[in-house]
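Okay, model18.txt now, which holds compact mmCIF, C-alpha atoms:
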```
# COMPACT_ATOMS: atom_id res chain seq x y z
CA MET L 110 -67.34 -114.77 146.96
CA ILE L 111 -64.16 -115.82 145.21
CA GLY L 112 -63.55 -118.30 148.05
CA LYS L 113 -67.03 -119.76 147.64
CA LEU L 114 -66.67 -120.08 143.87
CA ALA L 115 -63.27 -121.75 144.30
CA ALA L 116 -64.59 -124.19 146.89
CA CYS L 117 -68.01 -125.01 145.43
CA GLY L 118 -67.75 -124.28 141.71
CA PRO L 119 -70.24 -122.30 139.58
CA ALA L 120 -73.15 -120.78 141.50
CA ARG L 121 -76.34 -118.82 140.87
CA PHE L 122 -76.41 -115.12 141.80
CA THR L 123 -78.91 -115.64 144.63
CA ASP L 124 -76.85 -118.47 146.16
CA LEU L 125 -73.72 -116.35 146.02
CA ALA L 126 -75.43 -113.34 147.59
CA LYS L 127 -77.21 -115.29 150.36
CA PRO L 128 -74.43 -115.41 153.02
CA PHE L 129 -73.78 -111.66 152.84
CA ASP L 130 -75.77 -109.19 154.89
CA VAL L 131 -75.75 -106.47 152.20
CA ALA L 132 -78.21 -105.15 149.63
CA LEU L 133 -78.47 -107.19 146.42
CA ASN L 134 -77.40 -104.22 144.29
CA ALA L 135 -74.16 -104.04 146.32
CA VAL L 136 -73.52 -107.68 145.43
CA THR L 137 -74.31 -106.93 141.76
CA LYS L 138 -71.84 -104.04 141.84
CA HIS L 139 -69.15 -106.25 143.39
CA LEU L 140 -69.71 -109.01 140.81
CA LYS L 141 -69.52 -106.48 137.97
CA LEU L 142 -66.14 -105.35 139.30
CA LEU L 143 -64.87 -108.94 139.49
CA GLU L 144 -66.17 -109.56 135.96
CA ARG L 145 -64.47 -106.44 134.63
CA ALA L 146 -61.22 -107.67 136.23
CA GLY L 147 -61.69 -110.97 134.39
CA LEU L 148 -61.88 -112.97 137.63
CA ILE L 149 -65.38 -114.36 137.04
CA SER L 150 -67.58 -115.15 134.05
CA ARG L 151 -71.35 -115.59 133.62
CA GLU L 152 -73.03 -118.32 131.64
CA ARG L 153 -76.75 -118.65 130.92
CA GLN L 154 -78.16 -122.15 131.33
CA GLY L 155 -81.86 -122.07 130.44
CA ARG L 156 -83.48 -119.46 132.69
CA GLU L 157 -80.61 -119.41 135.17
CA VAL L 158 -77.34 -117.50 135.04
CA PHE L 159 -74.38 -119.27 136.62
CA ILE L 160 -71.29 -117.42 137.79
CA SER L 161 -67.89 -119.15 137.56
CA LEU L 162 -64.43 -118.33 138.79
CA ARG L 163 -61.70 -117.82 136.21
CA PRO L 164 -58.72 -119.15 138.21
CA GLU L 165 -56.30 -118.62 135.35
CA ARG L 166 -56.70 -114.89 135.99
CA LEU L 167 -56.06 -115.36 139.71
CA ARG L 168 -52.71 -116.88 138.80
CA LEU L 169 -51.68 -113.50 137.37
CA VAL L 170 -52.53 -111.92 140.70
CA ALA L 171 -50.61 -114.63 142.60
CA ASP L 172 -47.48 -113.91 140.59
CA TRP L 173 -47.53 -110.36 141.90
CA VAL L 174 -47.95 -111.22 145.54
CA HIS L 175 -44.77 -110.72 147.51
CA GLU L 176 -43.24 -113.58 149.49
CA TYR L 177 -43.62 -111.54 152.68
CA GLU L 178 -47.27 -110.77 151.94
CA ARG L 179 -48.04 -114.46 152.33
CA TYR L 180 -45.55 -114.92 155.17
CA TRP L 181 -46.90 -112.18 157.47
CA SER L 182 -50.53 -113.00 156.65
CA GLU L 183 -50.03 -116.60 157.73
CA GLU L 184 -48.05 -115.68 160.85
CA LEU L 185 -50.57 -113.05 161.98
CA ASP L 186 -53.52 -115.35 161.35
CA ARG L 187 -51.82 -117.92 163.60
CA PHE L 188 -51.12 -115.30 166.28
CA GLN L 189 -54.73 -114.07 166.16
CA GLY L 190 -55.99 -117.67 166.18
CA TYR L 191 -53.93 -118.50 169.28
CA PHE L 192 -55.63 -115.77 171.32
CA ALA L 193 -59.10 -116.47 169.87
CA ALA L 194 -58.79 -120.16 170.83
CA ARG L 195 -57.57 -119.23 174.31
CA LYS L 196 -60.50 -116.85 174.84
CA LYS L 197 -62.93 -119.56 173.70
CA LYS L 198 -61.51 -122.03 176.22
CA SER L 199 -61.80 -119.63 179.19
CA MET S 45 -20.65 -98.51 145.72
CA THR S 46 -24.30 -97.71 146.33
CA LEU S 47 -26.91 -100.30 145.55
CA THR S 48 -30.20 -98.68 144.67
CA THR S 49 -33.34 -100.66 144.15
CA LYS S 50 -37.06 -99.94 144.05
CA THR S 51 -38.67 -100.94 147.34
CA ILE S 52 -42.19 -101.71 148.46
CA GLU S 53 -44.05 -101.57 151.77
CA LEU S 54 -46.51 -104.05 153.20
CA GLU S 55 -49.05 -103.35 155.91
CA PHE S 56 -51.21 -105.73 157.93
CA GLU S 57 -53.79 -105.21 160.63
CA ARG S 58 -55.37 -107.67 163.06
CA VAL S 59 -57.61 -107.38 166.12
CA ILE S 60 -56.28 -109.70 168.82
CA ALA S 61 -58.58 -110.94 171.59
CA ALA S 62 -56.38 -109.93 174.54
CA ALA S 63 -55.14 -106.82 176.38
CA VAL S 64 -52.38 -104.69 174.84
CA ASP S 65 -49.57 -105.53 177.29
CA GLU S 66 -50.36 -109.23 177.00
CA VAL S 67 -50.22 -109.14 173.19
CA PHE S 68 -47.00 -107.10 173.30
CA ASP S 69 -45.33 -109.67 175.59
CA ALA S 70 -46.65 -112.56 173.49
CA TRP S 71 -45.07 -111.07 170.37
CA LEU S 72 -41.67 -111.38 172.00
CA ASP S 73 -42.28 -114.87 173.39
CA PRO S 74 -40.89 -117.54 171.03
CA ALA S 75 -43.15 -120.19 172.61
CA ILE S 76 -46.33 -118.56 171.26
CA PRO S 77 -47.22 -119.30 167.61
CA GLY S 78 -47.64 -116.70 164.88
CA LYS S 79 -44.37 -114.81 164.92
CA PRO S 80 -41.14 -115.27 162.97
CA TRP S 81 -39.23 -116.68 165.96
CA HIS S 82 -41.72 -119.40 166.82
CA GLY S 83 -40.92 -122.92 165.68
CA ALA S 84 -37.53 -122.07 164.18
CA ALA S 85 -35.05 -124.88 163.57
CA LYS S 86 -32.41 -122.68 165.23
CA LEU S 87 -33.05 -119.50 167.20
CA ILE S 88 -30.80 -116.84 168.71
CA PHE S 89 -32.93 -114.10 170.24
CA ALA S 90 -32.05 -111.00 172.29
CA PRO S 91 -35.18 -108.79 172.43
CA GLU S 92 -33.67 -105.49 173.59
CA VAL S 93 -32.64 -102.34 171.72
CA ASP S 94 -29.51 -103.20 169.71
CA GLY S 95 -30.12 -106.88 170.53
CA LEU S 96 -29.79 -109.28 167.61
CA PHE S 97 -31.83 -112.22 166.41
CA TYR S 98 -31.18 -115.09 164.06
CA PHE S 99 -33.55 -117.86 163.08
CA ARG S 100 -33.46 -120.60 160.54
CA THR S 101 -36.62 -122.06 159.08
CA HIS S 102 -37.26 -125.00 156.85
CA ARG S 103 -38.95 -123.97 153.65
CA LYS S 104 -41.89 -126.21 152.73
CA GLU S 105 -42.38 -124.88 149.21
CA GLY S 106 -40.14 -124.31 146.23
CA GLY S 107 -38.17 -127.52 146.68
CA GLY S 108 -37.51 -127.15 150.41
CA GLY S 109 -34.14 -125.98 151.78
CA GLU S 110 -33.44 -123.76 154.76
CA ILE S 111 -33.67 -120.00 155.03
CA SER S 112 -31.70 -117.85 157.47
CA HIS S 113 -33.10 -114.56 158.77
CA TYR S 114 -31.23 -111.93 160.74
CA GLY S 115 -32.22 -108.72 162.45
CA ARG S 116 -31.51 -106.08 165.05
CA PHE S 117 -34.04 -104.56 167.44
CA THR S 118 -34.19 -100.77 167.03
CA ALA S 119 -37.12 -99.99 169.37
CA ILE S 120 -38.90 -101.84 172.15
CA ASP S 121 -41.45 -99.50 173.74
CA ARG S 122 -43.69 -101.62 175.94
CA PRO S 123 -46.60 -101.92 175.35
CA GLY S 124 -47.01 -99.84 172.20
CA ARG S 125 -44.29 -100.54 169.66
CA ILE S 126 -41.58 -102.95 168.53
CA GLN S 127 -39.26 -102.23 165.64
CA HIS S 128 -36.50 -104.33 164.13
CA THR S 129 -34.58 -104.76 160.94
CA PHE S 130 -35.11 -107.91 158.90
CA VAL S 131 -32.57 -109.48 156.59
CA SER S 132 -33.13 -112.60 154.50
CA PRO S 133 -32.49 -113.94 150.99
CA PHE S 134 -35.73 -112.18 149.97
CA THR S 135 -34.28 -108.80 150.96
CA TRP S 136 -31.07 -109.49 149.01
CA GLY S 137 -29.20 -109.38 152.29
CA LEU S 138 -30.21 -105.74 152.76
CA GLU S 139 -31.92 -104.45 155.90
CA SER S 140 -35.69 -104.07 155.61
CA LEU S 141 -37.61 -102.60 158.55
CA VAL S 142 -40.50 -104.14 160.50
CA THR S 143 -42.60 -101.96 162.83
CA VAL S 144 -45.31 -103.52 164.97
CA THR S 145 -47.69 -101.30 166.95
CA PHE S 146 -50.29 -102.28 169.55
CA LYS S 147 -53.31 -100.15 170.49
CA GLY S 148 -56.19 -100.88 172.84
CA LYS S 149 -59.57 -101.45 171.21
CA GLY S 150 -62.22 -102.15 173.84
CA GLY S 151 -60.70 -105.05 175.74
CA ASP S 152 -58.88 -106.21 172.61
CA THR S 153 -55.76 -105.04 170.80
CA LEU S 154 -55.51 -103.49 167.37
CA MET S 155 -52.19 -104.66 165.98
CA ASN S 156 -50.53 -103.14 162.94
CA LEU S 157 -47.48 -104.61 161.22
CA HIS S 158 -45.61 -102.53 158.67
CA HIS S 159 -42.77 -104.09 156.66
CA GLY S 160 -40.93 -101.50 154.59
CA GLY S 161 -37.82 -101.34 152.45
CA LEU S 162 -38.46 -104.66 150.69
CA PRO S 163 -36.82 -104.97 147.27
CA ASP S 164 -39.55 -104.97 144.64
CA ASP S 165 -38.22 -107.63 142.34
CA GLU S 166 -38.87 -111.19 141.27
CA LYS S 167 -36.78 -112.66 144.08
CA GLY S 168 -39.44 -111.57 146.55
CA ARG S 169 -42.38 -112.54 144.43
CA ARG S 170 -44.08 -115.82 144.79
CA HIS S 171 -43.22 -117.79 141.69
CA GLU S 172 -43.54 -121.54 141.83
CA LEU S 173 -44.76 -121.56 145.41
CA GLY S 174 -47.69 -123.10 147.25
CA TRP S 175 -50.46 -120.79 146.18
CA ASN S 176 -49.54 -121.22 142.53
CA TYR S 177 -49.70 -124.98 143.04
CA LEU S 178 -53.20 -124.58 144.46
CA LEU S 179 -54.18 -122.40 141.54
CA ASP S 180 -52.84 -125.02 139.16
CA VAL S 181 -55.13 -127.57 140.77
CA LEU S 182 -58.05 -125.17 140.38
CA VAL S 183 -57.19 -124.46 136.74
CA LYS S 184 -57.09 -128.20 136.03
CA HIS S 185 -60.31 -128.77 137.96
CA TYR S 186 -62.14 -126.13 135.93
CA ALA S 187 -60.54 -127.20 132.66
CA GLY S 188 -61.86 -130.73 133.29
CA GLN S 189 -65.39 -129.39 133.73
CA ARG S 190 -65.49 -127.80 130.28
```

As structure tokens, the full file:
Amino acid sequence: MIGKLAACGPARFTDLAKPFDVALNAVTKHLKLLERAGLISRERQGREVFISLRPERLRLVADWVHEYERYWSEELDRFQGYFAARKKKS
Amino acid sequence: MTLTTKTIELEFERVIAAAVDEVFDAWLDPAIPGKPWHGAAKLIFAPEVDGLFYFRTHRKEGGGGEISHYGRFTAIDRPGRIQHTFVSPFTWGLESLVTVTFKGKGGDTLMNLHHGGLPDDEKGRRHELGWNYLLDVLVKHYAGQR
């Protein structure tokens, strides 16, 4: 959800929930958690409520991510991707 | 003199679309992408117990420069486990320990990488690096919308 908000900007609840194969109240619960963490905010525009990312709060998280957290994640994604691509070809 | 510092541990898990022995061998093959020793500017590599490795990489972020990494293999148990020490500027020159395990999962491989003994200080944290740059762009993008 954070990825979608970062890529596409503010979105309505239903649009955010659509790609996920889970109950709507699970999505509500997840959004409440993100809101409590200060990572998203809600804004009413007429009858619609739009949810936005608060990237300034993500920066705080980024400052606490270890160099090797990023390093191994990228390396392992590449390793996994190599085999996935090879399987697709065969 | 004893240098004591608070350390942290990192753990990663991936499911790889290949058999265990194949994934194990690939992890030790510098030609295959996705491991520390792939694509190094300089590589010295002896994958056997008590064998040493050295690789130098070019750093894209934080103003560039080159980083040297050193290590020593402490276990190579084909096809289940590889363990080696890992020394770099981000470990303050101290030995951290990387353990990679491989387990069959259907026809695939469940791979776990544990990196322990990393100094928990600002040197290892990601200040002024790529992700922060991206977040800066996002902050500016959203600020412009208000």

| task | Identify all chain L residues at most 6 Å from chain S by counting all atoms listed in the file; ligands do not count. Present them as a VMD selection string. | result | chain L and resid 164 172 174 to 176 184 to 185 187 to 189 192 to 193

| Hey, can you pull every residue with an atom no more than 10 Å from (-40.6, -104.0, 175.7), using only C-alpha atoms, and send it as number ranges by chain? | S: 65, 68-69, 71-72, 91-93, 119-126

| task | Quote the spacing between atom CA of S:Phe117 and atom CA of S:Phe146 in Å to one decimal place. | result | 16.5 Å

| said: For a test of reading the model, state the distance in Å between atom CA of S:Leu87 and atom CA of S:Ile111, rounded to one decimal. | reply: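 Calculated distance between atom CA of S:Leu87 and atom CA of S:Ile111 is 12.2 Å.
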
| task | Quick one: pull the distance between atom CA of L:Val158 and atom CA of L:Ala120, Å, one decimal. | result | 8.4 Å

| field | Selected residue of minimal separation from S:His113 among S:Asp94, S:Gln127, S:Leu138, S:Ala75, counting all atoms listed in the file | value |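 Distance minimum relative to S:His113 lands on S:Leu138.
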
| request: Skip S:Trp81 itself and residues of its chain fewer than 5 positions away, then list as a VMD selection string all residues within 9 Å of it, counting only C-alpha atoms. | output: chain S and resid 72 to 75 87 to 89 97 to 100

| S:Gly148 environment, 6 Å, all atoms listed in the file, sequence neighbours closer than 4 positions dropped, as a VMD selection string | chain S and resid 64 152 to 153

| message | Need to verify the contact set: S:Val131, 7 Å, all atoms listed in the file, exclusion of same-chain residues closer than 6 positions in sequence. Can you return it as a VMD selection string? | response | chain S and resid 113 to 115 137 to 140

Those residues you just picked out, can you put them in a file as a PDB file, in the frame of the given file with C-alpha atoms?
```
ATOM      1  CA  HIS S 113     -33.100-114.560 158.770  1.00  0.00           C
ATOM      2  CA  TYR S 114     -31.230-111.930 160.740  1.00  0.00           C
ATOM      3  CA  GLY S 115     -32.220-108.720 162.450  1.00  0.00           C
ATOM      4  CA  GLY S 137     -29.200-109.380 152.290  1.00  0.00           C
ATOM      5  CA  LEU S 138     -30.210-105.740 152.760  1.00  0.00           C
ATOM      6  CA  GLU S 139     -31.920-104.450 155.900  1.00  0.00           C
ATOM      7  CA  SER S 140     -35.690-104.070 155.610  1.00  0.00           C
TER       8      SER S 140
END
```

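For the residues L:Val131, L:Thr123, L:Lys113, L:Ser161, ranking by smallest atom-to-atom distance to L:Leu148 using all atoms listed in the file places L:Ser161 first.
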
I need stretch 124-153 of chain L written out with N, CA and C atoms, as a short mmCIF file (atom, residue, chain, number, x, y, z; two decimals), in the first residue's frame; please produce it.
```
data_model
loop_
_atom_site.label_atom_id
_atom_site.label_comp_id
_atom_site.auth_asym_id
_atom_site.auth_seq_id
_atom_site.Cartn_x
_atom_site.Cartn_y
_atom_site.Cartn_z
N ASP L 124 -9.88 2.02 -3.81
CA ASP L 124 -8.84 1.82 -4.82
C ASP L 124 -7.59 1.19 -4.21
N LEU L 125 -7.32 1.59 -2.97
CA LEU L 125 -6.14 1.04 -2.29
C LEU L 125 -6.36 -0.44 -1.95
N ALA L 126 -7.58 -0.77 -1.56
CA ALA L 126 -7.88 -2.13 -1.10
C ALA L 126 -8.01 -3.11 -2.26
N LYS L 127 -8.40 -2.60 -3.44
CA LYS L 127 -8.74 -3.45 -4.59
C LYS L 127 -7.70 -4.54 -4.92
N PRO L 128 -6.39 -4.22 -5.03
CA PRO L 128 -5.45 -5.28 -5.46
C PRO L 128 -5.23 -6.39 -4.44
N PHE L 129 -5.71 -6.22 -3.22
CA PHE L 129 -5.39 -7.20 -2.17
C PHE L 129 -6.55 -8.17 -1.96
N ASP L 130 -6.21 -9.45 -1.91
CA ASP L 130 -7.23 -10.48 -1.75
C ASP L 130 -7.46 -10.74 -0.26
N VAL L 131 -7.88 -9.69 0.46
CA VAL L 131 -8.17 -9.84 1.90
C VAL L 131 -9.46 -9.09 2.21
N ALA L 132 -10.03 -9.40 3.37
CA ALA L 132 -11.29 -8.74 3.77
C ALA L 132 -11.05 -7.24 3.96
N LEU L 133 -12.09 -6.44 3.67
CA LEU L 133 -11.93 -4.98 3.78
C LEU L 133 -11.59 -4.54 5.20
N ASN L 134 -12.12 -5.27 6.20
CA ASN L 134 -11.78 -4.84 7.58
C ASN L 134 -10.31 -5.10 7.92
N ALA L 135 -9.69 -6.05 7.21
CA ALA L 135 -8.24 -6.28 7.41
C ALA L 135 -7.46 -5.09 6.83
N VAL L 136 -7.94 -4.58 5.70
CA VAL L 136 -7.30 -3.40 5.09
C VAL L 136 -7.47 -2.19 6.01
N THR L 137 -8.69 -2.03 6.56
CA THR L 137 -8.96 -0.92 7.48
C THR L 137 -8.00 -0.98 8.67
N LYS L 138 -7.83 -2.19 9.20
CA LYS L 138 -6.96 -2.39 10.36
C LYS L 138 -5.52 -1.98 10.02
N HIS L 139 -5.08 -2.42 8.84
CA HIS L 139 -3.72 -2.13 8.38
C HIS L 139 -3.53 -0.61 8.22
N LEU L 140 -4.52 0.03 7.63
CA LEU L 140 -4.42 1.49 7.41
C LEU L 140 -4.40 2.24 8.73
N LYS L 141 -5.19 1.74 9.69
CA LYS L 141 -5.21 2.38 11.03
C LYS L 141 -3.82 2.32 11.67
N LEU L 142 -3.17 1.16 11.48
CA LEU L 142 -1.81 0.98 12.02
C LEU L 142 -0.84 1.98 11.38
N LEU L 143 -0.93 2.09 10.05
CA LEU L 143 -0.04 3.01 9.32
C LEU L 143 -0.31 4.46 9.74
N GLU L 144 -1.60 4.74 9.99
CA GLU L 144 -1.97 6.11 10.40
C GLU L 144 -1.43 6.40 11.80
N ARG L 145 -1.55 5.41 12.68
CA ARG L 145 -1.05 5.58 14.05
C ARG L 145 0.47 5.79 14.04
N ALA L 146 1.14 5.14 13.09
CA ALA L 146 2.61 5.29 12.97
C ALA L 146 2.98 6.62 12.29
N GLY L 147 1.97 7.33 11.82
CA GLY L 147 2.22 8.63 11.18
C GLY L 147 2.69 8.51 9.74
N LEU L 148 2.52 7.32 9.14
CA LEU L 148 3.02 7.11 7.77
C LEU L 148 2.01 7.50 6.70
N ILE L 149 0.72 7.58 7.09
CA ILE L 149 -0.30 8.04 6.13
C ILE L 149 -1.21 9.05 6.82
N SER L 150 -1.94 9.82 6.01
CA SER L 150 -2.95 10.72 6.57
C SER L 150 -4.21 10.63 5.71
N ARG L 151 -5.35 10.97 6.30
CA ARG L 151 -6.63 10.95 5.55
C ARG L 151 -7.13 12.35 5.39
N GLU L 152 -7.73 12.62 4.24
CA GLU L 152 -8.29 13.96 4.01
C GLU L 152 -9.64 13.81 3.30
N ARG L 153 -10.65 14.44 3.87
CA ARG L 153 -11.99 14.36 3.25
C ARG L 153 -12.10 15.39 2.14
#
```
